[in-house]
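Take a look at the structure set out below.
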Amino acid sequence: QVQLVESGGGSVQAGGSLRLSCTASGYTFSSVCMAWFRQAPGKAREGVAAQSTGGASSYYADSVKGRFTMSRDNAKNTVYLQMAGLKPEDTAMYYCTTRLVFFCDANWYDSTRYNHWGQGTQVTVSS
């Protein structure tokens, strides 16, 4: 059974940093596309970042490029989202997800393509 558990959310002031973690179980973590999405109240879920097997390719939303970095530690079955230069508009529930395929593709930002989701971790950025 696939399980994804996020952690690391919290409240920070604008310009601050946070690192989110997502620990996975129930499948071969090192061999799949992993992604982070977020959803603010009243808004659709949006893709933040995605990374293919072994970090072969990474994708980022334009709104976070240069500020967020996705990485993975296969030994710990964990994927991270390092967030810097946080802005109030980054406030959202952040979710970890996987498609259980080797590579993410150009449509990585489409939430309907993902099969498994964590419960989310809240990030709140105050101005």
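Chain labels follow the order of the structure tokens: the first chain is A, the next B, and so on; residue numbering restarts at 1 in every chain, and ligands are counted from 1 in their shown order.
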Using only C-alpha atoms, which protein or nucleic acid residues come within 8 Å of Ser17 of chain A? Drop anything in the same chain fewer than 5 positions from it, and give the result as a PDB file with all heavy atoms, in the first residue's frame.
ATOM      1  N   VAL A  12       5.825  31.350   8.591  1.00  0.00           N
ATOM      2  CA  VAL A  12       7.042  32.143   8.478  1.00  0.00           C
ATOM      3  C   VAL A  12       6.690  33.521   7.947  1.00  0.00           C
ATOM      4  O   VAL A  12       5.615  33.716   7.365  1.00  0.00           O
ATOM      5  CB  VAL A  12       8.089  31.495   7.548  1.00  0.00           C
ATOM      6  CG1 VAL A  12       8.556  30.161   8.094  1.00  0.00           C
ATOM      7  CG2 VAL A  12       7.545  31.338   6.143  1.00  0.00           C
ATOM      8  N   GLN A  82      12.805  22.434  -0.749  1.00  0.00           N
ATOM      9  CA  GLN A  82      13.440  23.547  -0.057  1.00  0.00           C
ATOM     10  C   GLN A  82      12.864  24.834  -0.613  1.00  0.00           C
ATOM     11  O   GLN A  82      12.956  25.099  -1.815  1.00  0.00           O
ATOM     12  CB  GLN A  82      14.952  23.514  -0.268  1.00  0.00           C
ATOM     13  CG  GLN A  82      15.687  24.653   0.420  1.00  0.00           C
ATOM     14  CD  GLN A  82      15.649  24.537   1.936  1.00  0.00           C
ATOM     15  OE1 GLN A  82      15.944  23.481   2.496  1.00  0.00           O
ATOM     16  NE2 GLN A  82      15.282  25.621   2.605  1.00  0.00           N
ATOM     17  N   MET A  83      12.264  25.626   0.249  1.00  0.00           N
ATOM     18  CA  MET A  83      11.592  26.852  -0.173  1.00  0.00           C
ATOM     19  C   MET A  83      12.298  28.050   0.452  1.00  0.00           C
ATOM     20  O   MET A  83      12.437  28.107   1.676  1.00  0.00           O
ATOM     21  CB  MET A  83      10.123  26.815   0.254  1.00  0.00           C
ATOM     22  CG  MET A  83       9.380  25.573  -0.232  1.00  0.00           C
ATOM     23  SD  MET A  83       7.623  25.599   0.151  1.00  0.00           S
ATOM     24  CE  MET A  83       7.674  25.546   1.931  1.00  0.00           C
ATOM     25  N   ALA A  84      12.724  28.970  -0.380  1.00  0.00           N
ATOM     26  CA  ALA A  84      13.376  30.179   0.082  1.00  0.00           C
ATOM     27  C   ALA A  84      12.687  31.396  -0.513  1.00  0.00           C
ATOM     28  O   ALA A  84      11.932  31.274  -1.477  1.00  0.00           O
ATOM     29  CB  ALA A  84      14.851  30.168  -0.311  1.00  0.00           C
ATOM     30  N   GLY A  85      12.938  32.549   0.062  1.00  0.00           N
ATOM     31  CA  GLY A  85      12.313  33.758  -0.452  1.00  0.00           C
ATOM     32  C   GLY A  85      10.804  33.657  -0.471  1.00  0.00           C
ATOM     33  O   GLY A  85      10.155  34.104  -1.422  1.00  0.00           O
ATOM     34  N   LEU A  86      10.234  33.088   0.574  1.00  0.00           N
ATOM     35  CA  LEU A  86       8.793  32.841   0.591  1.00  0.00           C
ATOM     36  C   LEU A  86       7.992  34.134   0.530  1.00  0.00           C
ATOM     37  O   LEU A  86       8.393  35.169   1.099  1.00  0.00           O
ATOM     38  CB  LEU A  86       8.422  32.030   1.825  1.00  0.00           C
ATOM     39  CG  LEU A  86       8.769  30.539   1.720  1.00  0.00           C
ATOM     40  CD1 LEU A  86       8.792  29.881   3.080  1.00  0.00           C
ATOM     41  CD2 LEU A  86       7.789  29.834   0.802  1.00  0.00           C
TER      42      LEU A  86
END
Nearby residues (only C-alpha atoms) at most 12 Å from segment 20-25 of chain A, same-chain spacing under 2 positions excluded, as a ChimeraX atom specification: /A:1-10,17-18,27-30,32,34-38,68-84,93-98,100,116-123
Near-Gln51 of chain A list (6 Å; only C-alpha atoms; drop same-chain fewer than 5 positions) as a VMD selection string: chain A and resid 33 to 34 57 to 58
Store the residues of this selection in a file with N, CA, C and O atoms, as a PDB file, in the first residue's frame.
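See result-v5.pdb below for the written result:
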ATOM      1  N   CYS A  33       8.429   8.972 -10.617  1.00  0.00           N
ATOM      2  CA  CYS A  33       8.224  10.418 -10.659  1.00  0.00           C
ATOM      3  C   CYS A  33       7.565  10.860  -9.358  1.00  0.00           C
ATOM      4  O   CYS A  33       6.565  10.288  -8.942  1.00  0.00           O
ATOM      5  N   MET A  34       8.145  11.877  -8.727  1.00  0.00           N
ATOM      6  CA  MET A  34       7.563  12.466  -7.521  1.00  0.00           C
ATOM      7  C   MET A  34       7.267  13.933  -7.788  1.00  0.00           C
ATOM      8  O   MET A  34       7.964  14.582  -8.579  1.00  0.00           O
ATOM      9  N   SER A  57      15.432  14.520 -14.304  1.00  0.00           N
ATOM     10  CA  SER A  57      14.901  15.782 -14.790  1.00  0.00           C
ATOM     11  C   SER A  57      14.012  16.384 -13.715  1.00  0.00           C
ATOM     12  O   SER A  57      13.359  15.655 -12.965  1.00  0.00           O
ATOM     13  N   SER A  58      14.013  17.689 -13.662  1.00  0.00           N
ATOM     14  CA  SER A  58      13.208  18.402 -12.679  1.00  0.00           C
ATOM     15  C   SER A  58      12.396  19.482 -13.373  1.00  0.00           C
ATOM     16  O   SER A  58      12.851  20.064 -14.366  1.00  0.00           O
TER      17      SER A  58
END
Using only C-alpha atoms: which of A:Gly42, A:Ser52, A:Thr91, A:Gly47 has the shortest distance to Arg113 of chain A: A:Gly47
d(atom CA of Ala56 of chain A, atom CA of Gly26 of chain A) in Å: 22.1 Å
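All residues in segment 10-103 of chain A with a DSSP state of helix (DSSP H, G or I), computed from the backbone, read A:Phe29, A:Ser30, A:Ser31, A:Thr53, A:Gly54, A:Gly55, A:Asn74, A:Ala75, A:Lys76, A:Pro88, A:Glu89, A:Asp90.
Atom CA of Ala14 of chain A is found 5.2 Å from atom CA of Ser127 of chain A.
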Strand (DSSP E) call set, DSSP backbone run, segment 43-92 of chain A, as a PyMOL selection string: chain A and resi 46-51+58-60+68-73+78-83+92
